[in-house]
>>> print(open('coords_22.cif').read())   # mmCIF, C-alpha atoms
data_work
#
loop_
_atom_site.label_atom_id
_atom_site.label_comp_id
_atom_site.auth_asym_id
_atom_site.auth_seq_id
_atom_site.Cartn_x
_atom_site.Cartn_y
_atom_site.Cartn_z
CA MET H 1277 0.00 0.00 0.00
CA GLN H 1278 2.93 2.31 0.67
CA LEU H 1279 3.95 2.49 -3.02
CA LYS H 1280 0.44 3.58 -3.92
CA ASN H 1281 0.62 6.62 -1.63
CA LYS H 1282 4.17 7.80 -2.37
CA LYS H 1283 3.15 11.20 -3.73
CA ALA H 1284 0.44 11.72 -1.12
CA LEU H 1285 2.88 10.99 1.68
CA ALA H 1286 5.41 13.38 0.12
CA PHE H 1287 2.66 16.00 -0.06
CA VAL H 1288 1.97 15.72 3.67
CA GLU H 1289 5.68 15.75 4.53
CA ASN H 1290 6.35 18.85 2.43
CA LEU H 1291 3.27 20.60 3.74
CA LEU H 1292 4.47 20.09 7.30
CA GLU H 1293 7.80 21.66 6.34
CA LEU H 1294 6.29 24.91 5.05
CA GLU H 1295 7.11 27.97 7.13
CA MET H 1296 3.44 28.83 7.62
CA VAL H 1297 2.73 25.37 9.03
CA LYS H 1298 5.85 25.29 11.20
CA ASP H 1299 4.83 28.69 12.56
CA LEU H 1300 1.91 26.96 14.30
CA GLU H 1301 4.46 25.81 16.88
CA LEU H 1302 5.36 29.43 17.69
CA PHE H 1303 1.92 30.66 18.67
CA ASP H 1304 -0.43 29.54 21.41
CA ASP H 1305 -4.10 29.92 22.14
CA GLN H 1306 -5.20 29.80 25.79
CA GLY H 1307 -1.80 28.41 26.76
CA VAL H 1308 -1.86 25.60 24.15
CA LYS H 1309 0.25 25.74 20.99
CA VAL H 1310 -1.79 25.96 17.79
CA SER H 1311 0.22 22.97 16.52
CA THR H 1312 -0.85 20.93 19.56
CA HIS H 1313 -4.48 21.84 18.93
CA THR H 1314 -4.02 20.84 15.27
CA TYR H 1315 -2.81 17.38 16.27
CA ASP H 1316 -5.68 17.10 18.76
CA VAL H 1317 -8.21 17.81 16.01
CA LEU H 1318 -6.63 15.04 13.91
CA LYS H 1319 -6.72 12.58 16.80
CA ILE H 1320 -10.33 13.37 17.69
CA SER H 1321 -11.34 13.03 14.03
CA ILE H 1322 -9.66 9.63 13.83
CA ASP H 1323 -11.33 8.58 17.08
CA GLU H 1324 -14.71 9.41 15.51
CA LEU H 1325 -13.89 7.19 12.52
CA LYS H 1326 -12.94 4.35 14.88
CA ARG H 1327 -16.22 4.80 16.72
CA ASP H 1328 -18.46 5.00 13.63
CA TYR H 1329 -16.87 2.37 11.40
CA ARG H 1330 -15.70 -1.20 11.94
CA SER H 1331 -12.38 -0.51 10.21
CA PHE H 1332 -10.49 2.18 8.32
CA THR H 1333 -11.08 0.14 5.16
CA GLU H 1334 -14.81 0.57 5.66
CA ALA H 1335 -14.45 4.24 6.63
CA LYS H 1336 -12.42 4.96 3.49
CA GLN H 1337 -15.44 4.10 1.37
CA ARG H 1338 -17.33 7.01 2.97
CA VAL H 1339 -14.67 9.51 4.03
CA ASP H 1340 -11.86 11.17 2.06
CA PHE H 1341 -8.90 10.59 4.38
CA PHE H 1342 -6.53 12.79 2.36
CA ALA H 1343 -8.85 15.79 2.18
CA MET H 1344 -9.61 15.50 5.89
CA THR H 1345 -5.94 15.23 6.87
CA ILE H 1346 -4.78 18.16 4.72
CA GLY H 1347 -7.75 20.28 5.82
CA ILE H 1348 -6.87 19.66 9.46
CA ILE H 1349 -3.21 20.55 8.99
CA ILE H 1350 -4.02 23.93 7.45
CA HIS H 1351 -7.32 24.77 9.19
CA ASP H 1352 -5.75 27.22 11.64
CA LEU H 1353 -2.92 28.67 9.54
CA SER H 1354 -4.31 32.18 9.86
CA LYS H 1355 -3.73 32.09 13.62
CA GLY H 1356 -0.05 32.39 12.80
CA SER H 1357 -0.14 34.52 9.66
CA ILE H 1358 -2.46 37.10 11.21
CA ARG H 1359 -0.12 37.63 14.16
CA LYS H 1360 2.96 37.84 11.95
CA THR H 1361 1.39 40.38 9.60
CA GLU H 1362 -0.41 42.22 12.42
CA GLU H 1363 -3.81 41.98 10.74
CA LYS H 1364 -6.53 43.85 12.61
CA PHE H 1365 -8.92 40.89 12.49
CA SER H 1366 -8.48 37.80 14.64
CA HIS H 1367 -8.75 34.27 13.23
CA SER H 1368 -12.36 34.00 14.42
CA GLN H 1369 -13.24 37.36 12.87
CA MET H 1370 -11.65 36.32 9.58
CA MET H 1371 -13.71 33.13 9.56
CA LEU H 1372 -16.86 35.17 10.04
CA LYS H 1373 -16.19 38.40 8.13
CA LYS H 1374 -13.39 37.73 5.64
CA PRO H 1375 -13.45 34.06 4.57
CA GLU H 1376 -11.81 35.09 1.29
CA TYR H 1377 -8.60 35.69 3.30
CA ILE H 1378 -8.78 32.10 4.55
CA THR H 1379 -9.49 30.81 1.03
CA LYS H 1380 -6.53 32.60 -0.55
CA GLU H 1381 -4.21 31.45 2.21
CA ALA H 1382 -5.25 27.79 1.90
CA ASP H 1383 -5.05 27.91 -1.89
CA ARG H 1384 -1.59 29.48 -1.79
CA VAL H 1385 -0.26 26.78 0.53
CA LEU H 1386 -1.67 23.95 -1.56
CA LYS H 1387 -0.22 25.42 -4.75
CA GLU H 1388 3.19 25.79 -3.17
CA VAL H 1389 3.39 22.09 -2.38
CA GLU H 1390 1.86 21.09 -5.72
CA GLU H 1391 4.48 23.08 -7.63
CA LYS H 1392 7.31 21.69 -5.54
CA LEU H 1393 6.23 18.09 -6.15
CA ASP H 1394 4.95 18.69 -9.71
CA VAL H 1395 1.50 17.27 -8.89
CA GLU H 1396 -2.02 18.65 -9.01
CA ILE H 1397 -4.79 17.64 -6.64
CA ASN H 1398 -8.07 16.61 -8.23
CA ASP H 1399 -10.48 19.54 -8.33
CA ALA H 1400 -13.17 17.93 -6.17
CA ILE H 1401 -10.67 16.99 -3.44
CA ARG H 1402 -9.04 20.42 -3.54
CA LYS H 1403 -12.45 22.08 -3.25
CA ASN H 1404 -13.29 19.88 -0.26
CA ILE H 1405 -10.00 20.70 1.49
CA ILE H 1406 -10.64 24.42 1.22
CA HIS H 1407 -14.26 23.91 2.31
CA ILE H 1408 -13.07 22.00 5.40
CA VAL H 1409 -10.86 24.97 6.32
CA LEU H 1410 -13.55 27.56 5.62
CA SER H 1411 -16.29 25.78 7.57
CA HIS H 1412 -14.50 24.41 10.63
CA HIS H 1413 -16.08 27.02 12.93
CA GLY H 1414 -19.58 25.87 12.00
CA LYS H 1415 -22.29 28.29 13.15
CA TRP H 1416 -19.60 30.65 14.47
CA GLY H 1417 -18.23 31.16 10.96
CA LYS H 1418 -19.70 32.40 7.69
CA ILE H 1419 -19.49 29.05 5.88
CA GLN H 1420 -21.25 25.97 7.26
CA PRO H 1421 -19.94 22.39 6.81
CA ASN H 1422 -21.63 20.53 3.95
CA SER H 1423 -19.32 17.55 3.38
CA LYS H 1424 -18.83 14.53 5.62
CA GLU H 1425 -15.17 15.45 6.15
CA ALA H 1426 -16.04 19.06 7.02
CA HIS H 1427 -18.59 17.93 9.61
CA ILE H 1428 -16.04 15.59 11.23
CA VAL H 1429 -13.39 18.30 11.42
CA HIS H 1430 -15.86 20.86 12.76
CA ARG H 1431 -16.95 18.54 15.55
CA ALA H 1432 -13.34 17.69 16.40
CA ASP H 1433 -12.28 21.35 16.39
CA MET H 1434 -15.20 22.30 18.61
CA TYR H 1435 -14.45 19.54 21.11
CA SER H 1436 -10.72 20.33 21.20
CA ALA H 1437 -11.34 24.06 21.64
CA LYS H 1438 -13.84 23.49 24.44
CA TYR H 1439 -12.12 20.74 26.42
CA HIS H 1440 -8.43 20.63 25.45
CA ARG H 1441 -7.56 24.28 25.06
CA ILE H 1442 -7.51 24.91 28.77
CA ASN H 1443 -4.42 26.62 30.11
CA PRO H 1444 -3.12 24.00 32.58
CA ILE H 1445 -1.98 26.66 35.04
CA GLY H 1446 -3.86 26.16 38.30
CA ALA H 1447 -4.54 28.27 41.37
CA ASP H 1448 -1.74 26.45 43.24
CA LYS H 1449 0.95 27.90 40.95
CA ILE H 1450 -0.64 31.34 41.12
CA LEU H 1451 -0.99 31.39 44.91
CA GLU H 1452 2.58 30.21 45.36
CA LEU H 1453 3.72 33.41 43.64
CA MET H 1454 1.12 35.56 45.39
CA ALA H 1455 2.36 34.25 48.74
CA GLN H 1456 5.78 35.58 47.73
CA GLY H 1457 4.28 39.03 47.27
CA MET H 1458 4.00 39.09 43.47
CA GLN H 1459 1.20 41.10 41.84
CA LEU H 1460 -1.15 39.89 39.09
CA GLU H 1461 0.80 41.64 36.31
CA GLU H 1462 4.08 40.07 37.45
CA ILE H 1463 2.46 36.64 37.79
CA SER H 1464 0.98 36.97 34.30
CA VAL H 1465 4.47 37.49 32.87
CA LYS H 1466 6.05 34.79 35.03
CA LEU H 1467 3.49 32.13 34.08
CA ASN H 1468 3.03 33.38 30.50
CA CYS H 1469 -0.72 33.66 30.77
CA THR H 1470 -3.33 36.41 30.77
CA GLN H 1471 -4.66 38.06 33.92
CA GLY H 1472 -8.03 36.68 32.83
CA VAL H 1473 -6.72 33.13 33.28
CA ILE H 1474 -5.34 34.03 36.70
CA LYS H 1475 -8.64 35.50 37.86
CA ASP H 1476 -10.56 32.49 36.53
CA ARG H 1477 -8.35 30.03 38.43
CA LEU H 1478 -8.66 32.00 41.67
CA LYS H 1479 -12.43 32.15 41.22
CA ARG H 1480 -12.64 28.36 40.73
CA ALA H 1481 -10.55 27.77 43.87
CA LYS H 1482 -12.78 30.09 45.92
CA GLN H 1483 -15.87 28.25 44.73
CA GLU H 1484 -14.42 24.87 45.66
CA LEU H 1485 -13.45 26.05 49.16
CA ASN H 1486 -16.46 28.35 49.59
CA PHE H 1487 -14.16 31.32 50.27
CA LYS H 1488 -15.17 34.92 49.67
CA ASN H 1489 -11.82 36.56 48.95
CA THR H 1490 -8.30 35.93 47.70
CA LYS H 1491 -6.74 36.61 51.10
CA GLN H 1492 -8.47 33.51 52.43
CA LEU H 1493 -7.01 31.52 49.52
CA ILE H 1494 -3.48 32.76 50.23
CA ASN H 1495 -3.76 31.87 53.92
CA TYR H 1496 -5.13 28.43 53.04
CA TYR H 1497 -2.27 27.85 50.58
CA LYS H 1498 0.40 28.97 53.07
CA LYS H 1499 -0.95 26.48 55.59
CA ASN H 1500 -1.58 23.50 53.27
CA LYS H 1501 0.84 24.13 50.36
CA LYS H 1502 -1.85 22.93 47.96
CA ILE H 1503 -5.24 24.05 46.79
CA PRO H 1504 -8.07 22.67 44.61
CA ILE H 1505 -7.90 24.02 41.07
CA GLY H 1506 -11.58 23.43 40.27
CA ASP H 1507 -14.29 20.78 40.16
CA ASN H 1508 -13.58 17.21 39.02
CA PHE H 1509 -14.68 17.89 35.44
CA PHE H 1510 -12.34 20.86 35.13
CA ILE H 1511 -9.46 18.94 36.73
CA GLN H 1512 -9.93 16.10 34.24
CA ARG H 1513 -9.85 18.52 31.29
CA VAL H 1514 -6.69 20.16 32.64
CA ARG H 1515 -4.99 16.78 33.03
CA GLU H 1516 -5.97 15.79 29.50
CA THR H 1517 -4.58 19.06 28.17
CA GLU H 1518 -1.31 18.63 30.07
CA LYS H 1519 -0.95 15.08 28.73
CA LEU H 1520 -1.65 16.26 25.19
CA LYS H 1521 0.92 19.04 25.41
CA ARG H 1522 3.61 16.72 26.80
CA MET H 1523 3.03 14.13 24.10
CA VAL H 1524 3.26 16.58 21.18
CA ASP H 1525 6.30 18.32 22.69
CA ARG H 1526 8.04 14.98 23.25
CA LYS H 1527 7.41 13.54 19.79
CA GLY H 1528 7.51 16.76 17.80
CA PHE H 1529 4.66 18.17 15.71
CA LYS H 1530 5.79 16.84 12.33
CA ASN H 1531 6.62 13.38 13.65
CA ILE H 1532 3.33 12.93 15.47
CA MET H 1533 1.32 14.16 12.47
CA LEU H 1534 3.10 11.61 10.28
CA GLU H 1535 2.01 8.83 12.67
CA ASN H 1536 -1.48 9.40 11.25
CA PRO H 1537 -2.89 5.87 10.69
CA LEU H 1538 -4.92 7.11 7.72
CA ILE H 1539 -1.85 7.81 5.56
CA PRO H 1540 -1.39 4.18 4.41
CA TYR H 1541 -4.90 4.39 2.93
CA PHE H 1542 -4.10 7.36 0.68
CA ARG H 1543 -4.12 6.49 -3.03
CA ASP H 1544 -2.16 8.69 -5.44
CA ASP H 1545 -4.35 7.68 -8.39
CA GLU H 1546 -7.43 8.90 -6.52
CA ILE H 1547 -5.91 12.11 -5.17
CA PHE H 1548 -3.92 13.59 -8.04
CA LYS H 1549 -4.87 14.35 -11.62
CA LYS H 1550 -3.89 11.51 -13.91
CA LYS H 1551 -1.59 13.54 -16.13
CA GLU H 1552 0.62 14.17 -13.12
CA LEU H 1553 0.91 10.46 -12.39
CA GLU H 1554 1.95 9.42 -15.89
CA LYS H 1555 5.67 9.18 -16.45
CA THR H 1556 7.22 9.31 -19.91
CA GLU H 1557 9.66 6.51 -20.61
CA PRO H 1558 12.98 7.14 -22.41
CA ASN H 1559 11.51 5.94 -25.73
CA GLY H 1560 8.77 8.52 -25.50
CA LYS H 1561 6.03 6.08 -24.54
CA LYS H 1562 3.91 6.46 -21.43
#
>>> encode(input="coords_22.cif", output="structure tokens")
Amino acid sequence: MQLKNKKALAFVENLLELEMVKDLELFDDQGVKVSTHTYDVLKISIDELKRDYRSFTEAKQRVDFFAMTIGIIIHDLSKGSIRKTEEKFSHSQMMLKKPEYITKEADRVLKEVEEKLDVEINDAIRKNIIHIVLSHHGKWGKIQPNSKEAHIVHRADMYSAKYHRINPIGADKILELMAQGMQLEEISVKLNCTQGVIKDRLKRAKQELNFKNTKQLINYYKKNKKIPIGDNFFIQRVRETEKLKRMVDRKGFKNIMLENPLIPYFRDDEIFKKKELEKTEPNGKK
């Protein structure tokens, strides 16, 4: 099967080497790297396939694995490009108000890899990839998912954003610094998080201990050297996020994306236009 996906595998490898894709490792969202979120969306999408189909062979008859994989890799590219170019709109605003920016960016990235490898993705697959990117915000974006792959990616993105994009910093780390006399602004810099995150964690700790003010939290921490960071549901989500971050950091973004179990099911003759697959022999015959 590997020989049948040689060009498709090369496409994924080269896509992951593009500067715009590698930039996803430089930017974070709520304390989680965009690259880590990207892998999480892939994993959640694959988990849905495992749940809904008896095998990947069966799933492949209904779902375009290549389009889904490429769409996932590039679905959040604008989170990096917008920050680098200092665009006035955020990624979410672009998805809602300027989807043409997202379209041009996705198209440019696909063309760059196509030209490098001298291949051309079939029109229907290319259109689906760009649709996946444009529609991954669902009702919070301008374009709604209307392909099976787009619906899968939207659900995965929504789940990851809600449950696995939780800054793992807890009230214990914050109160340790507050007990040393540090102010919110200093703590924000020290822990590389927003003051909003700090206030949220202190609020959750107060609710768990039924305290009314932060002074009570500090005194409790000084005495016990530990503090609840939230309810059991929140703690579980934080632990999952920490585990996710450690795994991607340990393996590396490119390496873990290439572990994608769907890659062996890619078929070059289904993905790329036929003229790109034909090779001329020395005698001029094809």
>>> resolve_selection(input="coords_22.cif", expression="the PyMOL selection byres ((chain H and resi 1306) around 12)", output="NGL selection string")
:H and (1303-1305 or 1307-1310 or 1312-1313 or 1436-1445 or 1468-1474 or 1514 or 1517)
>>> write_last_selection(input="coords_22.cif", atoms="C-alpha atoms", output="short mmCIF file (atom, residue, chain, number, x, y, z; two decimals), keeping the file's coordinate frame")
data_model
loop_
_atom_site.label_atom_id
_atom_site.label_comp_id
_atom_site.auth_asym_id
_atom_site.auth_seq_id
_atom_site.Cartn_x
_atom_site.Cartn_y
_atom_site.Cartn_z
CA PHE H 1303 1.92 30.66 18.67
CA ASP H 1304 -0.43 29.54 21.41
CA ASP H 1305 -4.10 29.92 22.14
CA GLY H 1307 -1.80 28.41 26.76
CA VAL H 1308 -1.86 25.60 24.15
CA LYS H 1309 0.25 25.74 20.99
CA VAL H 1310 -1.79 25.96 17.79
CA THR H 1312 -0.85 20.93 19.56
CA HIS H 1313 -4.48 21.84 18.93
CA SER H 1436 -10.72 20.33 21.20
CA ALA H 1437 -11.34 24.06 21.64
CA LYS H 1438 -13.84 23.49 24.44
CA TYR H 1439 -12.12 20.74 26.42
CA HIS H 1440 -8.43 20.63 25.45
CA ARG H 1441 -7.56 24.28 25.06
CA ILE H 1442 -7.51 24.91 28.77
CA ASN H 1443 -4.42 26.62 30.11
CA PRO H 1444 -3.12 24.00 32.58
CA ILE H 1445 -1.98 26.66 35.04
CA ASN H 1468 3.03 33.38 30.50
CA CYS H 1469 -0.72 33.66 30.77
CA THR H 1470 -3.33 36.41 30.77
CA GLN H 1471 -4.66 38.06 33.92
CA GLY H 1472 -8.03 36.68 32.83
CA VAL H 1473 -6.72 33.13 33.28
CA ILE H 1474 -5.34 34.03 36.70
CA VAL H 1514 -6.69 20.16 32.64
CA THR H 1517 -4.58 19.06 28.17
#
>>> closest_residue(input="coords_22.cif", among="H:Gly1356, H:Ala1426, H:Lys1491, H:Asp1476", to="H:Met1454", atoms="all atoms listed in the file")
H:Lys1491
>>> atom_distance(input="coords_22.cif", atom1="atom CA of H:Lys1418", atom2="atom CA of H:Ser1366")
14.3 Å
>>> resolve_selection(input="coords_22.cif", expression="the PyMOL selection byres ((chain H and resi 1284) around 10)", output="PyMOL selection string")
chain H and resi 1278+1280-1283+1285-1290+1342+1393+1395+1397+1539-1548
>>> resolve_selection(input="coords_22.cif", expression="the PyMOL selection byres ((chain H and resi 1493) around 10)", output="JSON, numbers by chain")
{"H": [1447, 1448, 1451, 1454, 1455, 1478, 1479, 1481, 1482, 1485, 1486, 1487, 1488, 1489, 1490, 1491, 1492, 1494, 1495, 1496, 1497, 1498, 1499, 1503]}
>>> closest_residue(input="coords_22.cif", among="H:Asn1422, H:Gln1459, H:Thr1314, H:Gln1369", to="H:His1351", atoms="all atoms listed in the file")
H:Thr1314
>>> closest_atom_pairs(input="coords_22.cif", of="stretch 1299-1361 of chain H", to="stretch 1518-1537 of chain H", cutoff="12 Å", atoms="all atoms listed in the file", output="JSON lines")
{"residue": "H:Asp1299", "atom": "CA", "partner": "H:Phe1529", "partner_atom": "CA", "distance": 11.0}
{"residue": "H:Leu1300", "atom": "CA", "partner": "H:Phe1529", "partner_atom": "CA", "distance": 9.3}
{"residue": "H:Glu1301", "atom": "CA", "partner": "H:Phe1529", "partner_atom": "CA", "distance": 7.7}
{"residue": "H:Leu1302", "atom": "CA", "partner": "H:Phe1529", "partner_atom": "CA", "distance": 11.5}
{"residue": "H:Asp1304", "atom": "CA", "partner": "H:Lys1521", "partner_atom": "CA", "distance": 11.3}
{"residue": "H:Gly1307", "atom": "CA", "partner": "H:Lys1521", "partner_atom": "CA", "distance": 9.8}
{"residue": "H:Val1308", "atom": "CA", "partner": "H:Lys1521", "partner_atom": "CA", "distance": 7.2}
{"residue": "H:Lys1309", "atom": "CA", "partner": "H:Lys1521", "partner_atom": "CA", "distance": 8.1}
{"residue": "H:Val1310", "atom": "CA", "partner": "H:Phe1529", "partner_atom": "CA", "distance": 10.3}
{"residue": "H:Ser1311", "atom": "CA", "partner": "H:Phe1529", "partner_atom": "CA", "distance": 6.6}
{"residue": "H:Thr1312", "atom": "CA", "partner": "H:Val1524", "partner_atom": "CA", "distance": 6.2}
{"residue": "H:His1313", "atom": "CA", "partner": "H:Leu1520", "partner_atom": "CA", "distance": 8.9}
{"residue": "H:Thr1314", "atom": "CA", "partner": "H:Met1533", "partner_atom": "CA", "distance": 9.0}
{"residue": "H:Tyr1315", "atom": "CA", "partner": "H:Met1533", "partner_atom": "CA", "distance": 6.5}
{"residue": "H:Asp1316", "atom": "CA", "partner": "H:Leu1520", "partner_atom": "CA", "distance": 7.6}
{"residue": "H:Val1317", "atom": "CA", "partner": "H:Met1533", "partner_atom": "CA", "distance": 10.8}
{"residue": "H:Leu1318", "atom": "CA", "partner": "H:Asn1536", "partner_atom": "CA", "distance": 8.1}
{"residue": "H:Lys1319", "atom": "CA", "partner": "H:Asn1536", "partner_atom": "CA", "distance": 8.3}
{"residue": "H:Ile1320", "atom": "CA", "partner": "H:Asn1536", "partner_atom": "CA", "distance": 11.6}
{"residue": "H:Ser1321", "atom": "CA", "partner": "H:Asn1536", "partner_atom": "CA", "distance": 10.9}
{"residue": "H:Ile1322", "atom": "CA", "partner": "H:Pro1537", "partner_atom": "CA", "distance": 8.4}
{"residue": "H:Asp1323", "atom": "CA", "partner": "H:Pro1537", "partner_atom": "CA", "distance": 10.9}
{"residue": "H:Leu1325", "atom": "CA", "partner": "H:Pro1537", "partner_atom": "CA", "distance": 11.2}
{"residue": "H:Lys1326", "atom": "CA", "partner": "H:Pro1537", "partner_atom": "CA", "distance": 11.0}
{"residue": "H:Ser1331", "atom": "CA", "partner": "H:Pro1537", "partner_atom": "CA", "distance": 11.4}
{"residue": "H:Phe1332", "atom": "CA", "partner": "H:Pro1537", "partner_atom": "CA", "distance": 8.8}
{"residue": "H:Thr1333", "atom": "CA", "partner": "H:Pro1537", "partner_atom": "CA", "distance": 11.4}
{"residue": "H:Lys1336", "atom": "CA", "partner": "H:Pro1537", "partner_atom": "CA", "distance": 12.0}
{"residue": "H:Phe1341", "atom": "CA", "partner": "H:Pro1537", "partner_atom": "CA", "distance": 9.9}
{"residue": "H:Phe1342", "atom": "CA", "partner": "H:Asn1536", "partner_atom": "CA", "distance": 10.8}
{"residue": "H:Met1344", "atom": "CA", "partner": "H:Asn1536", "partner_atom": "CA", "distance": 11.5}
{"residue": "H:Thr1345", "atom": "CA", "partner": "H:Asn1536", "partner_atom": "CA", "distance": 8.5}
{"residue": "H:Ile1346", "atom": "CA", "partner": "H:Met1533", "partner_atom": "CA", "distance": 10.6}
{"residue": "H:Ile1348", "atom": "CA", "partner": "H:Met1533", "partner_atom": "CA", "distance": 10.3}
{"residue": "H:Ile1349", "atom": "CA", "partner": "H:Met1533", "partner_atom": "CA", "distance": 8.6}
>>> closest_residue(input="coords_22.cif", among="H:Glu1390, H:Ile1450, H:Gly1457, H:Thr1379", to="H:Ile1419", atoms="all atoms listed in the file")
H:Thr1379
>>> atom_distance(input="coords_22.cif", atom1="atom CA of H:Val1297", atom2="atom CA of H:Glu1324")
24.5 Å
>>> closest_residue(input="coords_22.cif", among="H:Lys1475, H:Leu1467, H:Lys1501, H:Ile1358", to="H:Glu1452", atoms="only C-alpha atoms")
H:Lys1501
>>> residues_near_point(input="coords_22.cif", point="(-17.9, 17.5, 6.0)", cutoff="12 Å", atoms="all atoms listed in the file", output="ChimeraX atom specification")
/H:1321,1338-1341,1343-1344,1347-1348,1401,1403-1414,1419-1432
>>> decode(input="coords_22.cif", residues="stretch 1420-1434 of chain H", atoms="N, CA, C and O atoms", output="PDB file, in the first residue's frame")
ATOM      1  N   GLN H1420     -20.849  27.129   6.466  1.00  0.00           N
ATOM      2  CA  GLN H1420     -21.247  25.967   7.256  1.00  0.00           C
ATOM      3  C   GLN H1420     -20.761  24.676   6.592  1.00  0.00           C
ATOM      4  O   GLN H1420     -20.715  24.589   5.372  1.00  0.00           O
ATOM      5  N   PRO H1421     -20.415  23.660   7.378  1.00  0.00           N
ATOM      6  CA  PRO H1421     -19.943  22.389   6.806  1.00  0.00           C
ATOM      7  C   PRO H1421     -21.029  21.718   5.963  1.00  0.00           C
ATOM      8  O   PRO H1421     -22.178  21.645   6.383  1.00  0.00           O
ATOM      9  N   ASN H1422     -20.648  21.251   4.764  1.00  0.00           N
ATOM     10  CA  ASN H1422     -21.629  20.525   3.951  1.00  0.00           C
ATOM     11  C   ASN H1422     -21.021  19.288   3.302  1.00  0.00           C
ATOM     12  O   ASN H1422     -21.583  18.752   2.344  1.00  0.00           O
ATOM     13  N   SER H1423     -19.881  18.829   3.819  1.00  0.00           N
ATOM     14  CA  SER H1423     -19.320  17.548   3.384  1.00  0.00           C
ATOM     15  C   SER H1423     -19.078  16.711   4.634  1.00  0.00           C
ATOM     16  O   SER H1423     -18.957  17.251   5.735  1.00  0.00           O
ATOM     17  N   LYS H1424     -19.033  15.410   4.473  1.00  0.00           N
ATOM     18  CA  LYS H1424     -18.833  14.527   5.622  1.00  0.00           C
ATOM     19  C   LYS H1424     -17.534  14.872   6.349  1.00  0.00           C
ATOM     20  O   LYS H1424     -17.485  14.931   7.581  1.00  0.00           O
ATOM     21  N   GLU H1425     -16.479  15.126   5.566  1.00  0.00           N
ATOM     22  CA  GLU H1425     -15.172  15.448   6.152  1.00  0.00           C
ATOM     23  C   GLU H1425     -15.230  16.769   6.926  1.00  0.00           C
ATOM     24  O   GLU H1425     -14.655  16.886   8.007  1.00  0.00           O
ATOM     25  N   ALA H1426     -15.925  17.746   6.366  1.00  0.00           N
ATOM     26  CA  ALA H1426     -16.037  19.056   7.023  1.00  0.00           C
ATOM     27  C   ALA H1426     -16.790  18.945   8.349  1.00  0.00           C
ATOM     28  O   ALA H1426     -16.424  19.592   9.340  1.00  0.00           O
ATOM     29  N   HIS H1427     -17.829  18.118   8.371  1.00  0.00           N
ATOM     30  CA  HIS H1427     -18.587  17.926   9.611  1.00  0.00           C
ATOM     31  C   HIS H1427     -17.718  17.254  10.676  1.00  0.00           C
ATOM     32  O   HIS H1427     -17.759  17.632  11.854  1.00  0.00           O
ATOM     33  N   ILE H1428     -16.924  16.273  10.278  1.00  0.00           N
ATOM     34  CA  ILE H1428     -16.042  15.585  11.226  1.00  0.00           C
ATOM     35  C   ILE H1428     -15.038  16.557  11.820  1.00  0.00           C
ATOM     36  O   ILE H1428     -14.825  16.601  13.039  1.00  0.00           O
ATOM     37  N   VAL H1429     -14.408  17.360  10.958  1.00  0.00           N
ATOM     38  CA  VAL H1429     -13.390  18.301  11.424  1.00  0.00           C
ATOM     39  C   VAL H1429     -14.006  19.380  12.301  1.00  0.00           C
ATOM     40  O   VAL H1429     -13.427  19.777  13.321  1.00  0.00           O
ATOM     41  N   HIS H1430     -15.188  19.848  11.930  1.00  0.00           N
ATOM     42  CA  HIS H1430     -15.860  20.864  12.760  1.00  0.00           C
ATOM     43  C   HIS H1430     -16.137  20.328  14.158  1.00  0.00           C
ATOM     44  O   HIS H1430     -15.864  21.006  15.159  1.00  0.00           O
ATOM     45  N   ARG H1431     -16.664  19.120  14.242  1.00  0.00           N
ATOM     46  CA  ARG H1431     -16.948  18.540  15.555  1.00  0.00           C
ATOM     47  C   ARG H1431     -15.666  18.357  16.369  1.00  0.00           C
ATOM     48  O   ARG H1431     -15.645  18.633  17.580  1.00  0.00           O
ATOM     49  N   ALA H1432     -14.613  17.913  15.706  1.00  0.00           N
ATOM     50  CA  ALA H1432     -13.339  17.694  16.397  1.00  0.00           C
ATOM     51  C   ALA H1432     -12.743  19.012  16.877  1.00  0.00           C
ATOM     52  O   ALA H1432     -12.227  19.118  17.994  1.00  0.00           O
ATOM     53  N   ASP H1433     -12.816  20.031  16.027  1.00  0.00           N
ATOM     54  CA  ASP H1433     -12.284  21.350  16.393  1.00  0.00           C
ATOM     55  C   ASP H1433     -13.052  21.931  17.566  1.00  0.00           C
ATOM     56  O   ASP H1433     -12.468  22.492  18.497  1.00  0.00           O
ATOM     57  N   MET H1434     -14.355  21.772  17.542  1.00  0.00           N
ATOM     58  CA  MET H1434     -15.204  22.302  18.607  1.00  0.00           C
ATOM     59  C   MET H1434     -14.899  21.604  19.935  1.00  0.00           C
ATOM     60  O   MET H1434     -14.785  22.253  20.978  1.00  0.00           O
TER      61      MET H1434
END
